[in-house]
Amino acid sequence: QQTAHNVQLIDKHPQGENPITKSADKLANGENVTITYSFTPVEYGSTPIGVAECTYSPTAGDEATVKSISNYVRENRDLYLSEKYENPVRDTIEVMTQEQYDRLFSSKVIEFLAYLFLSGVSVVVPYLLFKSKLSQVDTLLREAKKKL
C-alpha cells in the first residue's frame, strides 16, 4: 500500500454532458476522492451510469501512468457492484413514477391477510372433518356398548 500522486478522477455524466473531474496532488493509503452529482432523468425506465476512471502515479513527480476503474454506484442507501469489471456501463438507476414506487414498496397487509386466511382454511377444514368423524366413531362405540 502506497501513496498515490497526481491523482485525476474523471466520471462521465449519465446524460452525456461534459465529464466531471476532480484531482488531488497526493492521496495517502485509505484516503479517497469522491465525485457526487445529481441529474434529472428525462424519461422513465433504466438510466445507464458510466464508469469512473482514475489515473495516478505511484511515485512523486512522474506522470500519471496507473489507471483504475470504479464500478460502484450509490443510489440512496444501497451500494451496487457491477457484474463485469470491463463493462462500460457499470449499473443503471431505475426511474419510476410515484405510483410504481408505491406499488413496489407498499406494505403487504392485504396479501398477508389473504395468505393467513387460505392457510387457516387448509388447516381448519381437515381438523373439523377429523373431529366430525371422531364424534361419529364415538357415537357408534357407545351404541355398540349399550347393545352388549
# chains A, B, ... in the order shown; residues from 1 in each chain; ligands from 1

$ select_by_dssp --residues "chain A" --states "alpha helix (DSSP H)" --output "ChimeraX atom specification"
/A:98-105,109-147

$ residues_around --residues "Ser68 of chain A" --least-positions-apart "3" --cutoff "9 Å" --atoms "only C-alpha atoms" --output "PyMOL selection string"
chain A and resi 52-56

$ residues_around --residues "Ala24 of chain A" --least-positions-apart "4" --cutoff "8 Å" --atoms "only C-alpha atoms" --output "mmCIF file with N, CA, C and O atoms, in the first residue's frame"
data_model
loop_
_atom_site.group_PDB
_atom_site.id
_atom_site.type_symbol
_atom_site.label_atom_id
_atom_site.label_comp_id
_atom_site.auth_asym_id
_atom_site.auth_seq_id
_atom_site.Cartn_x
_atom_site.Cartn_y
_atom_site.Cartn_z
ATOM 1 N N HIS A 5 0.118 9.733 -6.298
ATOM 2 C CA HIS A 5 0.447 11.111 -6.646
ATOM 3 C C HIS A 5 -0.219 11.475 -7.962
ATOM 4 O O HIS A 5 -0.479 10.613 -8.795
ATOM 5 N N ASN A 6 -0.437 12.768 -8.173
ATOM 6 C CA ASN A 6 -1.046 13.288 -9.403
ATOM 7 C C ASN A 6 -2.345 12.535 -9.736
ATOM 8 O O ASN A 6 -2.518 12.018 -10.836
ATOM 9 N N VAL A 7 -3.246 12.495 -8.800
ATOM 10 C CA VAL A 7 -4.492 11.742 -8.951
ATOM 11 C C VAL A 7 -5.476 12.564 -9.774
ATOM 12 O O VAL A 7 -5.702 13.740 -9.505
ATOM 13 N N GLN A 8 -6.064 11.929 -10.782
ATOM 14 C CA GLN A 8 -7.067 12.566 -11.635
ATOM 15 C C GLN A 8 -8.264 11.617 -11.734
ATOM 16 O O GLN A 8 -8.139 10.502 -12.227
ATOM 17 N N VAL A 33 -11.003 10.200 -3.219
ATOM 18 C CA VAL A 33 -11.566 11.351 -3.911
ATOM 19 C C VAL A 33 -12.942 10.913 -4.379
ATOM 20 O O VAL A 33 -13.091 9.846 -4.974
#

$ atom_distance --atom1 "atom CA of Asp25 of chain A" --atom2 "atom CA of Ser38 of chain A"
25.9 Å

$ select_by_dssp --residues "chain A" --states "strand (DSSP E or B)" --output "VMD selection string"
chain A and resid 4 to 11 20 to 27 45 to 50 52 to 57 66 to 70 72 to 75 78 to 81 89 to 95

$ closest_residue --among "A:Ala64, A:Val121, A:Ile35, A:Val95" --to "Pro48 of chain A" --atoms "only C-alpha atoms"
A:Val95

$ closest_residue --among "A:Thr21, A:Ser135, A:Thr59, A:Ser119" --to "Tyr37 of chain A" --atoms "only C-alpha atoms"
A:Thr21

$ closest_residue --among "A:Leu9, A:Leu116, A:Met96, A:Ala4" --to "Ala60 of chain A" --atoms "only C-alpha atoms"
A:Ala4

$ residues_around --residues "Ile20 of chain A" --least-positions-apart "5" --cutoff "8 Å" --atoms "only C-alpha atoms" --output "ChimeraX atom specification"
/A:10-13,35

$ write_last_selection --atoms "all heavy atoms" --output "PDB file, in the first residue's frame"
ATOM      1  N   ILE A  10     -12.067  11.048 -13.273  1.00  0.00           N
ATOM      2  CA  ILE A  10     -12.961  11.521 -14.331  1.00  0.00           C
ATOM      3  C   ILE A  10     -14.194  10.627 -14.323  1.00  0.00           C
ATOM      4  O   ILE A  10     -14.088   9.410 -14.418  1.00  0.00           O
ATOM      5  CB  ILE A  10     -12.291  11.460 -15.715  1.00  0.00           C
ATOM      6  CG1 ILE A  10     -11.023  12.300 -15.720  1.00  0.00           C
ATOM      7  CG2 ILE A  10     -13.254  11.918 -16.799  1.00  0.00           C
ATOM      8  CD1 ILE A  10     -10.177  12.090 -16.949  1.00  0.00           C
ATOM      9  N   ASP A  11     -15.358  11.244 -14.219  1.00  0.00           N
ATOM     10  CA  ASP A  11     -16.619  10.498 -14.248  1.00  0.00           C
ATOM     11  C   ASP A  11     -17.489  11.067 -15.351  1.00  0.00           C
ATOM     12  O   ASP A  11     -17.719  12.270 -15.409  1.00  0.00           O
ATOM     13  CB  ASP A  11     -17.329  10.596 -12.901  1.00  0.00           C
ATOM     14  CG  ASP A  11     -18.383   9.520 -12.724  1.00  0.00           C
ATOM     15  OD1 ASP A  11     -18.601   8.741 -13.673  1.00  0.00           O
ATOM     16  OD2 ASP A  11     -18.985   9.457 -11.648  1.00  0.00           O
ATOM     17  N   LYS A  12     -17.965  10.191 -16.221  1.00  0.00           N
ATOM     18  CA  LYS A  12     -18.801  10.631 -17.335  1.00  0.00           C
ATOM     19  C   LYS A  12     -20.234  10.825 -16.840  1.00  0.00           C
ATOM     20  O   LYS A  12     -20.793   9.962 -16.195  1.00  0.00           O
ATOM     21  CB  LYS A  12     -18.760   9.599 -18.444  1.00  0.00           C
ATOM     22  CG  LYS A  12     -17.381   9.444 -19.039  1.00  0.00           C
ATOM     23  CD  LYS A  12     -17.344   8.292 -20.025  1.00  0.00           C
ATOM     24  CE  LYS A  12     -15.968   8.107 -20.584  1.00  0.00           C
ATOM     25  NZ  LYS A  12     -15.016   7.558 -19.647  1.00  0.00           N
ATOM     26  N   HIS A  13     -20.801  11.973 -17.150  1.00  0.00           N
ATOM     27  CA  HIS A  13     -22.161  12.288 -16.733  1.00  0.00           C
ATOM     28  C   HIS A  13     -23.124  11.386 -17.489  1.00  0.00           C
ATOM     29  O   HIS A  13     -22.972  11.159 -18.690  1.00  0.00           O
ATOM     30  CB  HIS A  13     -22.474  13.760 -17.020  1.00  0.00           C
ATOM     31  CG  HIS A  13     -23.662  14.274 -16.291  1.00  0.00           C
ATOM     32  ND1 HIS A  13     -24.942  14.059 -16.721  1.00  0.00           N
ATOM     33  CD2 HIS A  13     -23.765  14.978 -15.137  1.00  0.00           C
ATOM     34  CE1 HIS A  13     -25.782  14.619 -15.885  1.00  0.00           C
ATOM     35  NE2 HIS A  13     -25.098  15.193 -14.910  1.00  0.00           N
ATOM     36  N   ILE A  35     -16.680  11.974  -6.301  1.00  0.00           N
ATOM     37  CA  ILE A  35     -17.479  12.881  -7.125  1.00  0.00           C
ATOM     38  C   ILE A  35     -18.942  12.588  -6.827  1.00  0.00           C
ATOM     39  O   ILE A  35     -19.390  11.449  -6.923  1.00  0.00           O
ATOM     40  CB  ILE A  35     -17.200  12.686  -8.623  1.00  0.00           C
ATOM     41  CG1 ILE A  35     -15.773  13.117  -8.952  1.00  0.00           C
ATOM     42  CG2 ILE A  35     -18.202  13.463  -9.468  1.00  0.00           C
ATOM     43  CD1 ILE A  35     -15.382  12.900 -10.396  1.00  0.00           C
TER      44      ILE A  35
END

$ atom_distance --atom1 "atom CA of Glu99 of chain A" --atom2 "atom CA of Tyr44 of chain A"
12.3 Å
